[in-house]
file protein.txt (compact mmCIF, C-alpha atoms)
# COMPACT_ATOMS: atom_id res chain seq x y z
CA MET Q 1 56.78 -46.46 58.98
CA GLU Q 2 53.65 -48.52 58.32
CA ASP Q 3 51.50 -45.55 59.32
CA ASN Q 4 53.55 -43.25 57.13
CA ASN Q 5 53.24 -45.60 54.18
CA PHE Q 6 49.55 -46.38 54.34
CA SER Q 7 47.77 -43.58 56.17
CA PRO Q 8 48.28 -40.96 53.43
CA THR Q 9 46.96 -43.36 50.80
CA THR Q 10 43.97 -44.28 52.97
CA ASN Q 11 43.20 -40.63 53.57
CA LYS Q 12 43.36 -39.90 49.86
CA ILE Q 13 40.93 -42.71 49.10
CA GLN Q 14 38.58 -41.52 51.83
CA ARG Q 15 38.77 -37.94 50.58
CA ARG Q 16 38.06 -39.05 47.05
CA TYR Q 17 35.03 -41.14 48.07
CA TYR Q 18 33.78 -38.28 50.24
CA ARG Q 19 34.15 -35.87 47.33
CA TRP Q 20 32.17 -38.18 45.06
CA PHE Q 21 29.51 -38.45 47.76
CA LEU Q 22 29.24 -34.64 47.90
CA LEU Q 23 29.12 -34.37 44.11
CA SER Q 24 26.34 -36.96 44.03
CA LEU Q 25 24.41 -35.13 46.75
CA TYR Q 26 24.77 -31.72 45.08
CA SER Q 27 23.88 -33.14 41.67
CA THR Q 28 20.77 -34.78 43.09
CA LEU Q 29 19.69 -31.48 44.63
CA VAL Q 30 20.27 -29.63 41.36
CA ILE Q 31 18.40 -32.08 39.13
CA SER Q 32 15.52 -32.99 41.44
CA CYS Q 33 14.84 -29.55 42.95
CA GLN Q 34 15.06 -27.76 39.60
CA THR Q 35 12.65 -30.29 38.09
CA ILE Q 36 10.16 -29.93 40.95
CA ALA Q 37 10.43 -26.13 40.99
CA THR Q 38 9.93 -25.92 37.21
CA LEU Q 39 6.86 -28.19 37.40
CA LEU Q 40 5.40 -26.12 40.24
CA GLY Q 41 6.17 -22.90 38.37
CA ARG Q 42 4.22 -24.12 35.35
CA LEU Q 43 1.42 -25.44 37.61
CA TYR Q 44 0.95 -21.91 38.98
CA TYR Q 45 0.15 -20.59 35.50
CA VAL Q 46 -1.83 -23.64 34.37
CA LYS Q 47 -4.16 -23.21 37.36
CA HIS Q 48 -4.78 -19.57 36.39
CA GLY Q 49 -2.06 -17.79 38.33
CA LYS Q 50 -1.26 -14.61 36.42
CA SER Q 51 1.46 -12.61 38.18
CA LYS Q 52 4.81 -12.71 36.36
CA TRP Q 53 6.51 -10.81 39.18
CA MET Q 54 5.24 -13.28 41.77
CA GLY Q 55 6.62 -16.07 39.58
CA THR Q 56 9.94 -14.21 39.67
CA LEU Q 57 9.85 -13.57 43.42
CA VAL Q 58 9.58 -17.26 44.32
CA GLN Q 59 12.73 -17.93 42.29
CA VAL Q 60 14.89 -15.41 44.15
CA GLY Q 61 13.15 -14.77 47.48
CA GLY Q 62 13.90 -18.06 49.25
CA PHE Q 63 17.42 -17.08 50.32
CA PRO Q 64 16.53 -16.66 54.06
CA ILE Q 65 16.60 -20.47 54.43
CA LEU Q 66 20.39 -20.18 53.91
CA LEU Q 67 20.85 -17.79 56.86
CA PRO Q 68 21.24 -20.59 59.48
CA TYR Q 69 24.50 -21.48 57.73
CA TYR Q 70 26.07 -18.38 59.33
CA PHE Q 71 25.37 -19.85 62.78
CA ILE Q 72 26.81 -23.23 61.78
CA SER Q 73 29.93 -21.99 60.02
CA SER Q 74 32.86 -20.93 62.18
CA SER Q 75 34.87 -19.44 59.30
CA THR Q 76 34.77 -15.73 58.58
CA PRO Q 77 36.28 -14.68 55.23
CA LYS Q 78 38.62 -11.71 55.27
CA TYR Q 79 38.08 -9.40 52.32
CA SER Q 80 40.54 -6.66 51.46
CA HIS Q 81 39.23 -3.14 50.91
CA LYS Q 82 39.77 -3.50 47.16
CA ASN Q 83 37.98 -6.83 47.15
CA LYS Q 84 35.06 -5.40 49.12
CA LEU Q 85 34.46 -2.72 46.49
CA MET Q 86 34.77 -5.24 43.68
CA LEU Q 87 32.50 -7.72 45.46
CA ALA Q 88 29.88 -5.03 46.04
CA PHE Q 89 29.89 -4.33 42.32
CA ILE Q 90 29.66 -8.07 41.59
CA PHE Q 91 26.76 -8.52 44.04
CA VAL Q 92 24.80 -5.72 42.41
CA THR Q 93 25.54 -6.99 38.91
CA LEU Q 94 24.61 -10.56 39.84
CA GLY Q 95 21.41 -9.35 41.47
CA ILE Q 96 20.35 -7.42 38.38
CA VAL Q 97 21.20 -10.26 35.99
CA GLU Q 98 19.52 -12.89 38.19
CA SER Q 99 16.30 -10.87 38.48
CA LEU Q 100 16.20 -10.41 34.70
CA ALA Q 101 16.83 -14.13 34.10
CA CYS Q 102 14.08 -15.14 36.53
CA TYR Q 103 11.56 -12.64 35.12
CA PHE Q 104 12.14 -13.86 31.56
CA ASP Q 105 11.84 -17.45 32.77
CA SER Q 106 8.51 -16.60 34.40
CA MET Q 107 7.23 -15.20 31.13
CA GLY Q 108 8.46 -18.29 29.30
CA LEU Q 109 6.70 -20.58 31.77
CA ALA Q 110 3.49 -18.55 31.43
CA TYR Q 111 3.40 -18.49 27.62
CA LEU Q 112 4.96 -21.81 26.55
CA PRO Q 113 4.09 -25.45 27.19
CA LEU Q 114 6.48 -26.82 29.80
CA SER Q 115 8.06 -29.33 27.40
CA THR Q 116 8.85 -26.53 24.94
CA PHE Q 117 10.19 -24.26 27.68
CA ALA Q 118 12.51 -26.99 28.98
CA LEU Q 119 13.96 -27.63 25.52
CA VAL Q 120 14.60 -23.93 24.94
CA THR Q 121 16.38 -23.55 28.29
CA SER Q 122 18.97 -26.12 27.19
CA SER Q 123 20.45 -23.19 25.24
CA ARG Q 124 21.87 -21.99 28.56
CA LEU Q 125 24.91 -24.09 27.78
CA VAL Q 126 25.38 -22.22 24.51
CA PHE Q 127 25.24 -18.82 26.18
CA ASN Q 128 27.35 -19.94 29.13
CA ALA Q 129 30.06 -21.17 26.76
CA PHE Q 130 29.82 -17.96 24.69
CA PHE Q 131 30.24 -15.64 27.66
CA SER Q 132 32.87 -17.87 29.28
CA PHE Q 133 34.90 -17.70 26.08
CA PHE Q 134 35.26 -13.92 26.51
CA LEU Q 135 35.18 -13.60 30.30
CA ASN Q 136 36.95 -16.79 31.44
CA SER Q 137 39.04 -17.77 28.39
CA MET Q 138 37.14 -21.01 27.91
CA LYS Q 139 38.58 -23.28 25.22
CA PHE Q 140 36.28 -24.64 22.51
CA THR Q 141 37.12 -28.31 22.02
CA PRO Q 142 35.49 -30.45 19.29
CA TYR Q 143 33.04 -31.88 21.84
CA ILE Q 144 32.04 -28.40 23.01
CA ILE Q 145 31.59 -27.14 19.44
CA ASN Q 146 29.53 -30.22 18.60
CA SER Q 147 27.35 -29.57 21.66
CA LEU Q 148 26.80 -25.89 20.83
CA VAL Q 149 25.82 -26.66 17.24
CA LEU Q 150 23.36 -29.36 18.29
CA LEU Q 151 21.76 -27.23 21.01
CA THR Q 152 21.45 -24.27 18.63
CA ILE Q 153 19.70 -26.44 16.03
CA SER Q 154 17.47 -27.91 18.75
CA THR Q 155 16.31 -24.47 19.89
CA THR Q 156 15.89 -23.24 16.32
CA LEU Q 157 13.56 -26.14 15.47
CA ILE Q 158 11.24 -25.13 18.32
CA ALA Q 159 10.78 -21.70 16.70
CA PHE Q 160 9.16 -23.28 13.63
CA GLN Q 161 6.40 -25.05 15.55
CA PRO Q 162 4.02 -22.45 17.09
CA GLU Q 163 1.90 -23.95 19.89
CA SER Q 164 0.05 -20.96 21.36
CA GLY Q 165 -0.96 -17.40 20.65
CA HIS Q 166 1.96 -16.15 22.76
CA HIS Q 167 4.50 -18.55 21.25
CA VAL Q 168 6.84 -15.85 19.94
CA ALA Q 169 6.74 -13.84 23.18
CA GLY Q 170 7.32 -16.98 25.24
CA LEU Q 171 10.12 -18.18 22.99
CA VAL Q 172 11.92 -14.83 23.05
CA SER Q 173 11.51 -14.65 26.85
CA ALA Q 174 12.84 -18.17 27.39
CA ILE Q 175 15.86 -17.50 25.16
CA ALA Q 176 16.51 -14.17 26.89
CA GLY Q 177 16.29 -15.90 30.28
CA SER Q 178 18.74 -18.57 29.12
CA ALA Q 179 21.16 -15.89 27.92
CA ALA Q 180 20.91 -14.01 31.21
CA TYR Q 181 21.45 -17.19 33.24
CA GLY Q 182 24.45 -18.17 31.11
CA PHE Q 183 25.91 -14.70 31.71
CA TYR Q 184 25.12 -15.05 35.44
CA LEU Q 185 27.14 -18.26 35.76
CA SER Q 186 30.04 -16.79 33.77
CA LEU Q 187 30.11 -13.81 36.13
CA ILE Q 188 30.26 -16.11 39.15
CA GLN Q 189 33.16 -18.01 37.61
CA LEU Q 190 34.91 -14.72 36.83
CA ALA Q 191 34.46 -13.56 40.42
CA LEU Q 192 35.86 -16.81 41.83
CA VAL Q 193 38.88 -16.92 39.51
CA LYS Q 194 39.82 -13.25 39.08
CA VAL Q 195 38.63 -11.54 42.27
CA LEU Q 196 38.55 -14.10 45.09
CA LYS Q 197 41.22 -16.39 43.58
CA ARG Q 198 42.36 -18.81 46.31
CA ASN Q 199 40.14 -17.29 49.01
CA THR Q 200 37.04 -19.13 47.78
CA THR Q 201 35.28 -21.10 50.51
CA MET Q 202 31.72 -22.30 50.94
CA ARG Q 203 31.14 -19.29 53.21
CA VAL Q 204 32.17 -16.97 50.39
CA LEU Q 205 29.82 -18.74 47.96
CA ILE Q 206 26.98 -18.40 50.49
CA ASP Q 207 27.78 -14.67 50.73
CA VAL Q 208 27.65 -14.32 46.95
CA THR Q 209 24.31 -16.14 46.79
CA ILE Q 210 22.59 -14.37 49.68
CA TYR Q 211 23.70 -10.84 48.82
CA GLY Q 212 22.99 -11.36 45.13
CA SER Q 213 19.55 -12.84 45.90
CA LEU Q 214 18.82 -10.00 48.32
CA ILE Q 215 19.41 -7.47 45.57
CA SER Q 216 17.37 -9.58 43.13
CA THR Q 217 14.52 -9.71 45.63
CA CYS Q 218 14.58 -5.94 46.09
CA ILE Q 219 14.50 -5.41 42.31
CA THR Q 220 11.63 -7.90 41.96
CA LEU Q 221 9.63 -6.21 44.73
CA VAL Q 222 10.11 -2.87 42.98
CA GLY Q 223 8.79 -4.44 39.79
CA LEU Q 224 5.87 -6.04 41.64
CA PHE Q 225 4.74 -2.76 43.20
CA SER Q 226 5.54 -0.45 40.29
CA SER Q 227 3.67 -2.67 37.82
CA GLY Q 228 0.54 -2.64 39.98
CA GLU Q 229 0.43 -6.45 40.12
CA TRP Q 230 0.45 -6.36 43.91
CA THR Q 231 -3.08 -4.90 43.87
CA LYS Q 232 -4.28 -8.00 42.01
CA LEU Q 233 -2.69 -10.64 44.24
CA ASP Q 234 -5.91 -11.13 46.24
CA LEU Q 235 -7.80 -11.71 43.01
CA ASP Q 236 -5.00 -13.97 41.81
CA MET Q 237 -5.43 -16.09 44.93
CA GLU Q 238 -9.23 -16.10 44.66
CA GLU Q 239 -9.19 -17.24 41.04
CA TYR Q 240 -6.55 -19.93 41.58
CA GLU Q 241 -8.24 -23.14 40.53
CA MET Q 242 -6.89 -25.29 43.36
CA GLY Q 243 -7.85 -22.92 46.19
CA LYS Q 244 -6.09 -20.45 48.48
CA GLY Q 245 -4.25 -23.07 50.51
CA SER Q 246 -2.84 -24.74 47.41
CA TYR Q 247 -1.94 -21.30 46.03
CA LEU Q 248 0.24 -20.53 49.05
CA LEU Q 249 1.72 -24.04 49.18
CA THR Q 250 2.58 -23.94 45.47
CA LEU Q 251 4.47 -20.66 45.86
CA ALA Q 252 6.16 -21.74 49.11
CA PHE Q 253 7.40 -25.08 47.80
CA THR Q 254 8.51 -23.44 44.56
CA ALA Q 255 10.64 -20.98 46.53
CA ILE Q 256 12.10 -23.72 48.75
CA ASN Q 257 13.00 -25.97 45.83
CA TRP Q 258 14.61 -23.13 43.89
CA GLN Q 259 16.76 -22.29 46.90
CA LEU Q 260 17.78 -25.92 47.40
CA PHE Q 261 18.66 -25.93 43.72
CA HIS Q 262 20.94 -22.94 44.34
CA VAL Q 263 22.57 -24.78 47.26
CA GLY Q 264 23.34 -27.70 44.96
CA CYS Q 265 24.73 -25.33 42.32
CA LEU Q 266 26.92 -23.67 44.96
CA GLY Q 267 28.29 -27.03 46.03
CA LEU Q 268 29.14 -28.02 42.45
CA ILE Q 269 30.79 -24.65 41.80
CA PHE Q 270 32.78 -25.02 45.01
CA GLU Q 271 33.85 -28.62 44.27
CA VAL Q 272 34.36 -28.30 40.49
CA SER Q 273 33.37 -25.21 38.48
CA SER Q 274 30.40 -23.17 37.27
CA LEU Q 275 30.61 -24.90 33.87
CA PHE Q 276 30.21 -28.29 35.52
CA SER Q 277 27.34 -26.94 37.61
CA ASN Q 278 25.59 -25.70 34.47
CA ALA Q 279 26.17 -29.04 32.73
CA ILE Q 280 24.48 -30.86 35.62
CA SER Q 281 21.60 -28.35 35.73
CA VAL Q 282 20.54 -29.11 32.15
CA LEU Q 283 20.47 -32.87 32.72
CA ASN Q 284 16.79 -32.45 33.63
CA VAL Q 285 16.02 -31.40 30.04
CA PRO Q 286 15.14 -34.98 28.98
CA LEU Q 287 13.13 -35.50 32.19
CA VAL Q 288 10.93 -32.39 32.25
CA PRO Q 289 9.37 -32.75 28.75
CA ILE Q 290 8.45 -36.37 29.50
CA LEU Q 291 6.86 -35.40 32.83
CA ALA Q 292 5.07 -32.51 31.11
CA VAL Q 293 3.43 -34.94 28.68
CA PHE Q 294 1.97 -36.98 31.55
CA ILE Q 295 1.20 -34.19 34.03
CA PHE Q 296 0.13 -31.29 31.80
CA HIS Q 297 -0.73 -33.32 28.68
CA ASP Q 298 1.77 -31.47 26.49
CA LYS Q 299 1.94 -32.63 22.89
CA MET Q 300 5.15 -34.34 21.79
CA HIS Q 301 5.01 -33.87 18.01
CA GLY Q 302 7.68 -34.84 15.49
CA ILE Q 303 9.68 -31.60 15.49
CA LYS Q 304 9.71 -31.41 19.28
CA ALA Q 305 10.84 -35.05 19.50
CA ILE Q 306 13.72 -34.33 17.09
CA SER Q 307 14.58 -31.23 19.10
CA LEU Q 308 14.64 -33.35 22.28
CA VAL Q 309 16.98 -35.92 20.72
CA LEU Q 310 19.35 -33.19 19.50
CA ALA Q 311 19.29 -31.50 22.90
CA ILE Q 312 20.14 -34.77 24.67
CA TRP Q 313 22.96 -35.41 22.20
CA GLY Q 314 24.34 -31.91 22.72
CA ILE Q 315 24.12 -32.16 26.51
CA VAL Q 316 25.89 -35.53 26.56
CA SER Q 317 28.67 -34.12 24.38
CA TYR Q 318 29.07 -31.07 26.62
CA PHE Q 319 28.92 -33.15 29.79
CA TYR Q 320 31.51 -35.61 28.47
CA GLN Q 321 33.99 -32.80 27.82
CA THR Q 322 33.31 -31.35 31.27
CA PHE Q 323 33.88 -34.78 32.83
CA VAL Q 324 37.16 -35.22 30.91
CA ASP Q 325 38.38 -31.79 32.05
CA ASP Q 326 37.48 -32.51 35.68
CA ASP Q 327 39.07 -35.96 35.58
CA ASP Q 328 42.29 -34.44 34.22
CA ARG Q 329 42.22 -31.80 36.93
CA VAL Q 330 41.72 -34.38 39.70
CA SER Q 331 44.43 -36.66 38.25
CA ASN Q 332 46.90 -33.79 38.13
CA ALA Q 333 46.09 -32.89 41.73
CA ILE Q 334 46.54 -36.50 42.87
CA ASN Q 335 49.84 -36.81 40.98
CA LYS Q 336 51.06 -33.63 42.61
CA ASN Q 337 50.10 -34.90 46.07
CA ASN Q 338 51.78 -38.24 45.39
CA ALA Q 339 54.93 -36.44 44.32
CA ASP Q 340 54.88 -34.40 47.51
CA ASP Q 341 54.39 -37.53 49.62
CA ASP Q 342 57.24 -39.34 47.83
CA HIS Q 343 59.49 -36.40 48.54
CA LEU Q 344 58.60 -36.48 52.24
CA LEU Q 345 59.20 -40.24 52.48
CA LYS Q 346 62.63 -40.28 50.82
CA PRO Q 347 65.22 -42.30 52.84
CA SER Q 348 67.49 -39.31 53.11
CA THR Q 349 64.71 -37.28 54.67
CA LEU Q 350 63.83 -40.08 57.10
CA ASP Q 351 67.49 -40.57 58.05
CA GLU Q 352 67.81 -36.87 58.77
CA ASN Q 353 64.71 -36.99 60.95
CA ASN Q 354 66.01 -40.08 62.86
CA ALA Q 355 69.36 -38.44 63.32
call {"tool": "encode", "arguments": {"input": "protein.txt", "output": "structure tokens"}}
result
Amino acid sequence: MEDNNFSPTTNKIQRRYYRWFLLSLYSTLVISCQTIATLLGRLYYVKHGKSKWMGTLVQVGGFPILLPYYFISSSTPKYSHKNKLMLAFIFVTLGIVESLACYFDSMGLAYLPLSTFALVTSSRLVFNAFFSFFLNSMKFTPYIINSLVLLTISTTLIAFQPESGHHVAGLVSAIAGSAAYGFYLSLIQLALVKVLKRNTTMRVLIDVTIYGSLISTCITLVGLFSSGEWTKLDLDMEEYEMGKGSYLLTLAFTAINWQLFHVGCLGLIFEVSSLFSNAISVLNVPLVPILAVFIFHDKMHGIKAISLVLAIWGIVSYFYQTFVDDDDRVSNAINKNNADDDHLLKPSTLDENNA
């Protein structure tokens, strides 16, 4: 009886602490790896790297480091024939959208100061919420509406402060990349909820990432060769200010960090939702502009500072609503489990078992 009374509670506490440990680990991967990858991506262009398609390839081509998971995992998901056809369509769609998002991000990194680029990419939350409203029936609470308004104003302010000759092209590219990424996350959420439903496991999420990234890589390679940029890669390496070795290391570590970022995103999607994953991914917005000021000597003028404050305010509002939703979801799950345990431990049930 003592074991029956206390073991379930102990297990619940352990599970909850373990879940918070995983959430902390995944969040750390998302924030730190995205920050490092973004800094390295900008470094490539600052040191006279020129290939936009190479900048795209390092964002999507690191998926082979996930392949060892197939040797570790013992689970094999069973997809129905209908689900296989739908998943194939989803993989292709995700691959196309991801390659577009990464290419636009590469152009944004090439044409905009890093601090400006980071502030513009906070609009991902706006686009994610917009697409989720139509695809996933997302509800707009006052906190979400407040966040969307603030982030929209923040991005709009950036448009009125040109900082380079390619400011408009970079701004449009960064906004387009944010829209594509917001759509990408909404599609993943749609696939998990509508197609896979209760069959979602980490193995399934790894499948979605690897197959989608494989298609994205193929599309990017087609763009690299069809654009003729591949013929200039030797020159790109020769003209890189930090040398050939640093050129290769910059690209390699960029690819690795982007893939670790995707692993963190997968974990957050698996444990919570794509909306929560997106909310965590934009928490680096306050960090990157500050680092850009010290590392790349970006200018933090008045309008950009106001834009940063508004972006932080909007992100906090969005994150708070996401936290409230997740806390309600966890509380409901715990209450349901407690109710089930109370039912199992009723005296009548125990008497029947003893009899």
call {"tool": "residues_around", "arguments": {"input": "protein.txt", "residues": "Ser277 (chain Q)", "least_positions_apart": "3", "cutoff": "10 Å", "atoms": "only C-alpha atoms", "output": "VMD selection string"}}
result
chain Q and resid 26 to 27 30 185 264 to 274 280 to 282 322
call {"tool": "residues_near_point", "arguments": {"input": "protein.txt", "point": "(1.2, -33.1, 36.9)", "cutoff": "10 Å", "atoms": "all atoms listed in the file", "output": "ChimeraX atom specification"}}
result
/Q:39-40,42-43,291-297
call {"tool": "closest_residue", "arguments": {"input": "protein.txt", "among": "Q:Ser123, Q:Pro289, Q:Gln34, Q:Gly177", "to": "Gly314 (chain Q)", "atoms": "only C-alpha atoms"}}
result
Q:Ser123
call {"tool": "residues_around", "arguments": {"input": "protein.txt", "residues": "region 230-246 of chain Q", "least_positions_apart": "6", "cutoff": "7 Å", "atoms": "all atoms listed in the file", "output": "list in words"}}
result
Lys47, His48, Gly49, Lys50 and Leu224 of chain Q
call {"tool": "atom_distance", "arguments": {"input": "protein.txt", "atom1": "CA of Gly212 (chain Q)", "atom2": "CA of Ala101 (chain Q)"}}
result
12.9 Å
call {"tool": "closest_residue", "arguments": {"input": "protein.txt", "among": "Q:Val172, Q:Val324, Q:Ala305, Q:Val208", "to": "His262 (chain Q)", "atoms": "only C-alpha atoms"}}
result
Q:Val208
call {"tool": "closest_residue", "arguments": {"input": "protein.txt", "among": "Q:Tyr318, Q:Ile31, Q:Cys102, Q:Tyr18", "to": "Ile144 (chain Q)", "atoms": "all atoms listed in the file"}}
result
Q:Tyr318
call {"tool": "atom_distance", "arguments": {"input": "protein.txt", "atom1": "CA of Val97 (chain Q)", "atom2": "CA of Thr209 (chain Q)"}}
result
12.7 Å
call {"tool": "residues_around", "arguments": {"input": "protein.txt", "residues": "Trp313 (chain Q)", "least_positions_apart": "3", "cutoff": "12 Å", "atoms": "only C-alpha atoms", "output": "ChimeraX atom specification"}}
result
/Q:122,143-144,146-154,283,285-286,306-310,316-320
call {"tool": "residues_around", "arguments": {"input": "protein.txt", "residues": "Ser74 (chain Q)", "least_positions_apart": "4", "cutoff": "12 Å", "atoms": "all atoms listed in the file", "output": "PyMOL selection string"}}
result
chain Q and resi 68-70+201-203
call {"tool": "closest_residue", "arguments": {"input": "protein.txt", "among": "Q:Thr156, Q:Ser178, Q:Asn136, Q:Ser216", "to": "Glu98 (chain Q)", "atoms": "all atoms listed in the file"}}
result
Q:Ser216
call {"tool": "decode", "arguments": {"input": "protein.txt", "residues": "region 26-34 of chain Q", "atoms": "all heavy atoms", "output": "compact mmCIF listing (two decimals), in the first residue's frame"}}
result
# COMPACT_ATOMS: atom_id res chain seq x y z
N TYR Q 26 16.96 21.51 -24.78
CA TYR Q 26 16.54 21.86 -26.14
C TYR Q 26 16.55 23.38 -26.34
O TYR Q 26 16.97 23.88 -27.40
CB TYR Q 26 15.15 21.30 -26.43
CG TYR Q 26 15.07 19.80 -26.45
CD1 TYR Q 26 13.94 19.12 -25.97
CD2 TYR Q 26 16.11 19.03 -26.96
CE1 TYR Q 26 13.86 17.74 -25.99
CE2 TYR Q 26 16.04 17.65 -26.98
CZ TYR Q 26 14.91 17.02 -26.49
OH TYR Q 26 14.84 15.65 -26.52
N SER Q 27 16.09 24.11 -25.34
CA SER Q 27 16.06 25.57 -25.45
C SER Q 27 17.47 26.15 -25.55
O SER Q 27 17.72 27.08 -26.32
CB SER Q 27 15.34 26.19 -24.24
OG SER Q 27 14.00 25.75 -24.18
N THR Q 28 18.39 25.57 -24.79
CA THR Q 28 19.78 26.01 -24.86
C THR Q 28 20.36 25.77 -26.24
O THR Q 28 21.08 26.62 -26.80
CB THR Q 28 20.63 25.27 -23.80
OG1 THR Q 28 20.10 25.55 -22.50
CG2 THR Q 28 22.08 25.73 -23.86
N LEU Q 29 20.08 24.60 -26.81
CA LEU Q 29 20.54 24.30 -28.17
C LEU Q 29 19.97 25.30 -29.18
O LEU Q 29 20.69 25.80 -30.04
CB LEU Q 29 20.13 22.88 -28.57
CG LEU Q 29 20.97 21.73 -28.02
CD1 LEU Q 29 20.37 20.40 -28.45
CD2 LEU Q 29 22.41 21.82 -28.49
N VAL Q 30 18.68 25.58 -29.06
CA VAL Q 30 18.02 26.48 -30.01
C VAL Q 30 18.64 27.88 -29.94
O VAL Q 30 19.04 28.45 -30.96
CB VAL Q 30 16.51 26.55 -29.74
CG1 VAL Q 30 15.88 27.71 -30.50
CG2 VAL Q 30 15.84 25.24 -30.14
N ILE Q 31 18.74 28.43 -28.74
CA ILE Q 31 19.20 29.81 -28.58
C ILE Q 31 20.69 29.94 -28.90
O ILE Q 31 21.09 30.81 -29.69
CB ILE Q 31 18.92 30.31 -27.15
CG1 ILE Q 31 17.42 30.36 -26.90
CG2 ILE Q 31 19.52 31.70 -26.94
CD1 ILE Q 31 17.04 30.65 -25.46
N SER Q 32 21.51 29.06 -28.32
CA SER Q 32 22.96 29.19 -28.50
C SER Q 32 23.40 28.85 -29.92
O SER Q 32 24.18 29.60 -30.53
CB SER Q 32 23.70 28.31 -27.49
OG SER Q 32 23.37 26.94 -27.67
N CYS Q 33 22.89 27.74 -30.46
CA CYS Q 33 23.33 27.31 -31.80
C CYS Q 33 22.82 28.25 -32.88
O CYS Q 33 23.53 28.52 -33.87
CB CYS Q 33 22.87 25.89 -32.07
SG CYS Q 33 23.70 24.67 -31.03
N GLN Q 34 21.60 28.76 -32.73
CA GLN Q 34 21.10 29.72 -33.71
C GLN Q 34 21.92 31.02 -33.67
O GLN Q 34 22.23 31.59 -34.71
CB GLN Q 34 19.63 30.03 -33.45
CG GLN Q 34 19.02 30.95 -34.50
CD GLN Q 34 17.57 31.30 -34.19
OE1 GLN Q 34 17.16 31.30 -33.04
NE2 GLN Q 34 16.80 31.60 -35.20
